[in-house]
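Next up, input_25.tsv (TSV, C-alpha atoms):
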chain	number	residue	atom	x	y	z
A	78	MET	CA	-38.32	-36.83	-10.89
A	79	ARG	CA	-35.46	-38.04	-13.11
A	80	ARG	CA	-35.16	-34.53	-14.60
A	81	ALA	CA	-34.92	-33.05	-11.05
A	82	LYS	CA	-32.22	-35.55	-10.09
A	83	GLY	CA	-30.33	-34.84	-13.29
A	84	LEU	CA	-30.51	-31.10	-12.69
A	85	PHE	CA	-29.31	-31.54	-9.11
A	86	ALA	CA	-26.37	-33.68	-10.27
A	87	ALA	CA	-25.40	-31.10	-12.90
A	88	LEU	CA	-25.50	-28.31	-10.34
A	89	PHE	CA	-23.43	-30.39	-7.90
A	90	VAL	CA	-20.75	-31.05	-10.54
A	91	ALA	CA	-20.67	-27.38	-11.51
A	92	ALA	CA	-20.31	-26.34	-7.86
A	93	CYS	CA	-17.44	-28.76	-7.35
A	94	ALA	CA	-15.68	-27.54	-10.47
A	95	LEU	CA	-16.04	-23.95	-9.29
A	96	ALA	CA	-14.70	-24.81	-5.85
A	97	PHE	CA	-11.63	-26.51	-7.29
A	98	ALA	CA	-11.08	-23.58	-9.65
A	99	GLN	CA	-10.79	-21.14	-6.74
A	100	PRO	CA	-7.36	-20.35	-5.26
A	101	ALA	CA	-6.41	-22.31	-2.14
A	102	PHE	CA	-6.11	-19.07	-0.12
A	103	ALA	CA	-8.43	-16.25	0.80
A	104	ALA	CA	-7.99	-13.80	-2.08
A	105	PRO	CA	-7.68	-10.38	-0.39
A	106	SER	CA	-8.16	-8.19	-3.48
A	107	VAL	CA	-11.82	-7.78	-4.34
A	108	LEU	CA	-13.92	-5.37	-6.38
A	109	GLU	CA	-17.17	-3.74	-5.35
A	110	TYR	CA	-19.52	-1.93	-7.70
A	111	GLU	CA	-21.02	1.32	-6.46
A	112	GLY	CA	-23.06	3.44	-8.86
A	113	SER	CA	-20.87	4.21	-11.87
A	114	THR	CA	-17.64	3.29	-10.09
A	115	VAL	CA	-15.56	0.24	-9.18
A	116	ILE	CA	-14.10	0.11	-5.68
A	117	TRP	CA	-10.81	-1.75	-5.29
A	118	ARG	CA	-10.48	-3.20	-1.81
A	119	ILE	CA	-7.74	-5.26	-0.19
A	120	GLY	CA	-8.93	-6.89	2.99
A	121	GLU	CA	-10.93	-4.23	4.81
A	122	THR	CA	-8.99	-1.35	3.23
A	123	ARG	CA	-10.44	0.62	0.34
A	124	VAL	CA	-7.57	1.28	-2.03
A	125	TRP	CA	-9.21	3.27	-4.83
A	126	ARG	CA	-12.40	4.23	-6.64
A	127	PHE	CA	-12.19	3.80	-10.43
A	128	PRO	CA	-14.68	4.91	-13.10
A	129	MET	CA	-16.77	2.00	-14.38
A	130	ALA	CA	-15.22	2.46	-17.83
A	131	TYR	CA	-12.05	0.82	-16.46
A	132	ALA	CA	-13.77	-2.20	-14.89
A	133	VAL	CA	-12.08	-4.73	-17.19
A	134	GLU	CA	-8.62	-3.26	-16.61
A	135	VAL	CA	-9.17	-3.14	-12.84
A	136	THR	CA	-10.46	-6.73	-12.79
A	137	MET	CA	-7.29	-7.93	-14.53
A	138	MET	CA	-5.19	-5.96	-12.05
A	139	SER	CA	-7.05	-7.40	-9.05
A	140	ASP	CA	-6.68	-10.95	-10.37
A	141	LYS	CA	-2.95	-10.44	-10.91
A	142	PHE	CA	-2.55	-9.09	-7.38
A	143	ASN	CA	-4.27	-12.19	-5.99
A	144	ARG	CA	-2.03	-14.50	-7.99
A	145	LEU	CA	1.07	-12.73	-6.65
A	146	TYR	CA	-0.40	-12.80	-3.17
A	147	GLY	CA	-0.90	-16.54	-3.53
A	148	SER	CA	2.81	-17.08	-4.12
A	149	GLY	CA	3.78	-14.47	-1.54
A	150	PHE	CA	5.86	-11.33	-1.83
A	151	SER	CA	7.66	-8.83	0.38
A	152	LEU	CA	6.71	-5.18	0.73
A	153	THR	CA	10.15	-4.39	-0.67
A	154	ASP	CA	8.91	-6.01	-3.91
A	155	LEU	CA	6.15	-3.39	-4.20
A	156	ASN	CA	7.25	-0.31	-6.08
A	157	VAL	CA	6.10	2.66	-8.09
A	158	GLU	CA	8.25	2.98	-11.18
A	159	LYS	CA	8.23	4.86	-14.46
A	160	ALA	CA	8.37	2.50	-17.45
A	161	ASP	CA	7.67	3.34	-21.08
A	162	GLY	CA	6.73	6.86	-20.00
A	163	LYS	CA	4.05	5.65	-17.56
A	164	TRP	CA	4.02	5.60	-13.77
A	165	SER	CA	3.07	2.09	-12.74
A	166	LEU	CA	2.44	0.09	-9.60
A	167	ARG	CA	4.64	-2.99	-9.77
A	168	VAL	CA	5.26	-6.13	-7.74
A	169	LYS	CA	8.65	-7.74	-8.35
A	170	ASP	CA	9.07	-7.44	-12.13
A	171	GLN	CA	5.36	-7.38	-12.96
A	172	THR	CA	3.23	-4.32	-13.60
A	173	LEU	CA	-0.08	-4.44	-11.77
A	174	ILE	CA	-1.51	-1.32	-13.38
A	175	ALA	CA	-0.25	1.83	-15.08
A	176	ALA	CA	-1.73	4.93	-13.47
A	177	ARG	CA	-3.58	7.50	-15.54
A	178	PRO	CA	-5.28	10.75	-14.45
A	179	GLU	CA	-8.53	9.31	-15.84
A	180	HIS	CA	-8.48	6.67	-13.10
A	181	ALA	CA	-9.46	9.28	-10.52
A	182	VAL	CA	-13.09	10.10	-9.71
A	183	GLY	CA	-13.85	13.68	-8.76
A	184	ILE	CA	-10.25	14.71	-8.07
A	185	LYS	CA	-7.25	15.74	-10.13
A	186	LEU	CA	-4.03	13.88	-9.49
A	187	SER	CA	-0.85	13.23	-11.39
A	188	ALA	CA	-0.25	9.62	-12.41
A	189	ARG	CA	2.74	9.41	-10.03
A	190	ALA	CA	0.78	10.72	-7.04
A	191	MET	CA	-2.04	8.28	-7.79
A	192	ALA	CA	0.29	5.28	-7.96
A	193	LEU	CA	1.95	6.37	-4.72
A	194	GLN	CA	-1.44	6.57	-3.01
A	195	TRP	CA	-2.19	3.02	-4.16
A	196	MET	CA	1.10	1.85	-2.65
A	197	SER	CA	0.36	3.65	0.63
A	198	LYS	CA	-3.07	1.98	0.82
A	199	ILE	CA	-1.57	-1.44	0.12
A	200	TYR	CA	0.89	-0.83	2.97
A	201	GLU	CA	-2.08	0.00	5.19
A	202	ALA	CA	-3.94	-3.13	4.09
A	203	ALA	CA	-0.86	-5.31	4.57
A	204	GLY	CA	-0.46	-3.92	8.07
A	205	ALA	CA	-4.07	-4.70	8.95
A	206	MET	CA	-3.75	-8.27	7.64
A	207	HIS	CA	-0.18	-9.26	8.53
A	208	ALA	CA	1.43	-6.92	11.08
A	209	GLN	CA	3.21	-8.60	13.95
A	210	GLU	CA	1.97	-7.85	17.44
A	211	LEU	CA	3.23	-4.53	18.78
A	212	THR	CA	5.76	-4.84	21.58
A	213	ALA	CA	7.82	-2.31	23.51
A	214	GLU	CA	10.44	-2.06	20.76
A	215	TYR	CA	7.84	-0.49	18.46
A	216	LYS	CA	7.10	2.41	20.79
A	217	LEU	CA	7.83	5.86	19.46
A	218	ASN	CA	8.33	8.54	22.10
A	219	GLY	CA	6.80	6.17	24.61
A	220	GLY	CA	3.70	5.20	22.64
A	221	PHE	CA	2.27	3.59	19.53
A	222	ASP	CA	0.13	6.63	18.66
A	223	VAL	CA	1.80	9.98	19.30
A	224	ALA	CA	1.57	13.63	18.35
A	225	SER	CA	4.89	15.08	17.23
A	226	SER	CA	6.51	16.53	14.12
A	227	VAL	CA	8.12	15.14	10.97
A	228	SER	CA	10.68	16.49	8.56
A	229	TRP	CA	11.53	15.19	5.09
A	230	TYR	CA	14.57	14.39	2.97
A	231	GLY	CA	14.88	15.12	-0.73
A	232	GLY	CA	16.32	14.32	-4.12
A	233	LYS	CA	19.99	14.68	-3.23
A	234	PHE	CA	19.77	11.29	-1.53
A	235	ILE	CA	18.45	9.43	-4.61
A	236	GLY	CA	20.64	6.43	-5.31
A	237	ARG	CA	22.15	6.32	-1.85
A	238	LYS	CA	21.74	3.31	0.39
A	239	PHE	CA	19.47	3.36	3.40
A	240	ALA	CA	20.74	1.86	6.64
A	241	ASN	CA	18.78	-1.34	5.83
A	242	GLY	CA	20.62	-1.75	2.50
A	243	GLU	CA	17.88	-0.56	0.10
A	244	ARG	CA	18.65	2.22	-2.35
A	245	PHE	CA	16.57	5.38	-2.21
A	246	THR	CA	14.49	6.23	-5.29
A	247	GLU	CA	12.24	9.19	-6.07
A	248	SER	CA	9.15	7.07	-5.37
A	249	HIS	CA	9.97	5.48	-2.04
A	250	LEU	CA	7.37	5.84	0.71
A	251	THR	CA	9.88	5.45	3.49
A	252	ALA	CA	11.07	7.08	6.69
A	253	ALA	CA	14.02	7.23	9.04
A	254	ALA	CA	13.50	6.69	12.77
A	255	ARG	CA	15.88	6.61	15.70
A	256	ASP	CA	15.29	2.99	16.68
A	257	LEU	CA	12.09	1.50	15.24
A	258	PRO	CA	12.79	-1.92	13.65
A	259	PHE	CA	13.40	-1.81	9.90
A	260	GLY	CA	10.28	-2.71	7.96
A	261	THR	CA	7.92	-1.18	10.52
A	262	LEU	CA	4.90	0.47	8.91
A	263	VAL	CA	3.91	3.86	10.27
A	264	LYS	CA	0.87	5.95	9.39
A	265	VAL	CA	1.56	9.68	9.31
A	266	THR	CA	-1.32	12.20	9.30
A	267	THR	CA	-0.82	15.95	9.12
A	268	PRO	CA	-3.67	17.94	10.71
A	269	SER	CA	-2.81	21.01	8.63
A	270	THR	CA	-3.69	19.20	5.38
A	271	GLY	CA	-5.92	16.38	6.68
A	272	LYS	CA	-3.92	13.90	4.59
A	273	SER	CA	-2.31	10.59	5.54
A	274	VAL	CA	0.38	8.30	4.18
A	275	VAL	CA	1.81	4.98	5.30
A	276	VAL	CA	5.60	4.64	5.16
A	277	ARG	CA	8.15	1.89	5.84
A	278	ILE	CA	11.09	2.44	8.20
A	279	THR	CA	14.28	1.89	6.20
A	280	ASP	CA	16.82	4.28	7.70
A	281	ARG	CA	18.13	5.78	10.92
A	282	PHE	CA	17.43	9.28	12.21
A	283	LYS	CA	19.28	10.87	15.13
A	284	GLY	CA	16.05	12.33	16.37
A	285	HIS	CA	15.20	15.71	17.79
A	286	LYS	CA	13.05	16.76	20.70
A	287	ASN	CA	10.50	18.20	18.27
A	288	ARG	CA	10.73	15.55	15.50
A	289	VAL	CA	10.47	11.77	15.56
A	290	LEU	CA	10.57	10.84	11.86
A	291	ASP	CA	12.30	11.98	8.71
A	292	ILE	CA	10.05	10.96	5.79
A	293	SER	CA	10.84	10.68	2.08
A	294	HIS	CA	9.97	13.57	-0.23
A	295	ALA	CA	7.42	11.34	-2.03
A	296	ALA	CA	5.63	10.87	1.30
A	297	ALA	CA	5.84	14.62	1.95
A	298	ASP	CA	4.29	15.18	-1.49
A	299	LEU	CA	1.28	13.03	-0.63
A	300	LEU	CA	0.86	14.83	2.70
A	301	GLY	CA	1.03	18.22	0.99
A	302	ILE	CA	3.87	19.47	3.20
A	303	LYS	CA	6.75	19.57	0.73
A	304	SER	CA	6.79	23.37	0.76
A	305	ILE	CA	7.70	23.36	4.47
A	306	GLY	CA	10.58	21.71	6.27
A	307	VAL	CA	8.83	20.48	9.40
A	308	ALA	CA	5.14	19.70	10.03
A	309	LYS	CA	3.12	18.65	13.04
A	310	ALA	CA	1.76	15.15	12.65
A	311	ARG	CA	-0.07	12.28	14.27
A	312	ILE	CA	2.10	9.18	14.02
A	313	GLN	CA	0.59	5.70	14.44
A	314	VAL	CA	2.81	2.63	14.52
A	315	ILE	CA	1.11	-0.20	12.60
A	316	GLY	CA	3.75	-2.89	13.07
A	317	ARG	CA	6.28	-4.87	11.09
A	318	VAL	CA	5.20	-6.89	8.07
A	319	GLY	CA	7.25	-9.64	6.47
A	320	LEU	CA	5.91	-11.83	3.69
A	321	ILE	CA	2.57	-10.86	2.15
A	322	GLY	CA	0.45	-13.89	1.37
A	323	GLY	CA	2.07	-17.14	0.37
A	324	LYS	CA	1.17	-20.70	1.29
Render the structure in this file as structure tokens.
Amino acid sequence: MRRAKGLFAALFVAACALAFAQPAFAAPSVLEYEGSTVIWRIGETRVWRFPMAYAVEVTMMSDKFNRLYGSGFSLTDLNVEKADGKWSLRVKDQTLIAARPEHAVGIKLSARAMALQWMSKIYEAAGAMHAQELTAEYKLNGGFDVASSVSWYGGKFIGRKFANGERFTESHLTAAARDLPFGTLVKVTTPSTGKSVVVRITDRFKGHKNRVLDISHAAADLLGIKSIGVAKARIQVIGRVGLIGGK
């Protein structure tokens, strides 16, 4: 009986220690193991499938994301940048993970394209978790989910300021719209390629009866439409997102 009580007490102390060791917020970045792969998920959004060989690296990345989420950060702090010859996903001045072609399972992607896809998925996850309620000001051509066309802008604008004050880089997943609030997240899907990307509204676009968005060339790359000037698309307004996480 004493041994049972002692065991119970030890388990109770261990459980308490574990509880106090956990972060005081719901950590959104989690890993799931599926066959010989590791699935990185943020909230309900699957971000990426990694080979099991990179489980340790991915675990460190997920833990770092949760720490940053705990202190809070803006989507403007999330970037894809080339440092030391490697394309990396970064938050503020910290590298979450450097992309490598070996991180892909069953597909071939450049490191830059892979990192951009991660950023797009994090935008999508952030929208699902933190987007403000959609109101009339977020309507695009009269709706929140419309069929229209998009065009894209290229490298000659690198270094220039957007209307919201940010400077355009070669790895921005952004778009210009006639009047959507800055910071609004929009999911663009092109039926011709079956691909999607989530972009942030950072600039103004005069608009055209056949086009409602002007997306960055990095976004056009992910959609597979860079070889054409204008593409038909389904455009879904997700909403505006401010601070991610925080206490």
Find the residues around A:Val227 up to 6 Å (only C-alpha atoms counted), leave out those fewer than 4 positions away in its own chain, and share them as a JSON list (two decimals) with C-alpha atoms, keeping the file's coordinate frame.
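Final output, selection17.json:
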[["chain", "number", "residue", "atom", "x", "y", "z"],
["A", 288, "ARG", "CA", 10.73, 15.55, 15.50],
["A", 290, "LEU", "CA", 10.57, 10.84, 11.86],
["A", 291, "ASP", "CA", 12.30, 11.98, 8.71],
["A", 307, "VAL", "CA", 8.83, 20.48, 9.40],
["A", 308, "ALA", "CA", 5.14, 19.70, 10.03]]
Judged by only C-alpha atoms, the minimum distance to A:Phe142 among A:Arg123, A:Arg317, A:Lys169, A:Lys159 is found for A:Lys169
Take atom CA of A:Asn156 and atom CA of A:Asp298 and report the distance between them in Å, one decimal. 16.4 Å
One-decimal distance in Å that lies between atom CA of A:Ile302 and atom CA of A:Gly231: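 That distance, rounded to one decimal, is 12.5 Å.
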Could you check which of A:Asp170, A:Asp256, A:Glu179, A:Asp280 is closest to A:Tyr131, using all atoms listed in the file?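 Residue with the minimum atom-to-atom distance to A:Tyr131: A:Glu179.
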Selection near A:Ala160, 9 Å with only C-alpha atoms, sequence-local residues under 4 positions removed, as a PyMOL selection string: chain A and resi 164-165+175
Write out as a PDB file with C-alpha atoms, in the coordinates of the input each polymer residue whose atoms come within 10 Å of A:Arg126, counting only C-alpha atoms; drop sequence neighbours fewer than 4 positions from it.
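Result saved to part_20.pdb:
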ATOM      1  CA  LEU A 108     -13.920  -5.370  -6.380  1.00  0.00           C
ATOM      2  CA  GLU A 109     -17.170  -3.740  -5.350  1.00  0.00           C
ATOM      3  CA  TYR A 110     -19.520  -1.930  -7.700  1.00  0.00           C
ATOM      4  CA  GLU A 111     -21.020   1.320  -6.460  1.00  0.00           C
ATOM      5  CA  SER A 113     -20.870   4.210 -11.870  1.00  0.00           C
ATOM      6  CA  THR A 114     -17.640   3.290 -10.090  1.00  0.00           C
ATOM      7  CA  VAL A 115     -15.560   0.240  -9.180  1.00  0.00           C
ATOM      8  CA  ILE A 116     -14.100   0.110  -5.680  1.00  0.00           C
ATOM      9  CA  TRP A 117     -10.810  -1.750  -5.290  1.00  0.00           C
ATOM     10  CA  ARG A 118     -10.480  -3.200  -1.810  1.00  0.00           C
ATOM     11  CA  HIS A 180      -8.480   6.670 -13.100  1.00  0.00           C
ATOM     12  CA  ALA A 181      -9.460   9.280 -10.520  1.00  0.00           C
ATOM     13  CA  VAL A 182     -13.090  10.100  -9.710  1.00  0.00           C
ATOM     14  CA  GLY A 183     -13.850  13.680  -8.760  1.00  0.00           C
TER      15      GLY A 183
END
Within 10 Å of stretch 197-202 of chain A using all atoms listed in the file, minus same-chain residues under 2 positions, as a ChimeraX atom specification: /A:105,118-125,152,155,191-195,204-208,250,262-264,273-277,296,299,315,318
Have a look at A:Ser148, A:Thr267, A:Gly322, A:Gly112 and name the one nearest to A:Ser228; count all atoms listed in the file.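 Looking at the shortest contact to A:Ser228, the residue is A:Thr267.
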Point-to-point distance from atom CA of A:Ala253 to atom CA of A:Phe282, Å rounded to tenths: 5.1 Å
Select, from A:His294, A:Leu320, A:Arg167, A:Ser187, the residue with the minimum atom-to-atom distance to A:Phe234, counting only C-alpha atoms.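 For A:Phe234, the nearest of the candidates is A:His294.
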Leaving out A:Thr279 and any residue of its chain fewer than 6 positions from it, which residues lie within 7 Å of it when counting all atoms listed in the file, given as a compact mmCIF listing (two decimals) with C-alpha atoms, in the coordinates of the input?
# COMPACT_ATOMS: atom_id res chain seq x y z
CA PHE A 239 19.47 3.36 3.40
CA ALA A 240 20.74 1.86 6.64
CA ASN A 241 18.78 -1.34 5.83
CA THR A 251 9.88 5.45 3.49
CA ALA A 252 11.07 7.08 6.69
CA ALA A 253 14.02 7.23 9.04
CA PHE A 259 13.40 -1.81 9.90
CA GLY A 260 10.28 -2.71 7.96
Which one of A:Gly301, A:Lys163, A:Val135, A:Leu217 sits closest to A:Arg177 if you count all atoms listed in the file? A:Lys163
Restricting the calculation to only C-alpha atoms: of A:Gly219, A:Arg311, A:Ser304, A:Gly147, which residue gets closest to A:Lys272?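 Closest to A:Lys272 of all the choices is A:Arg311.
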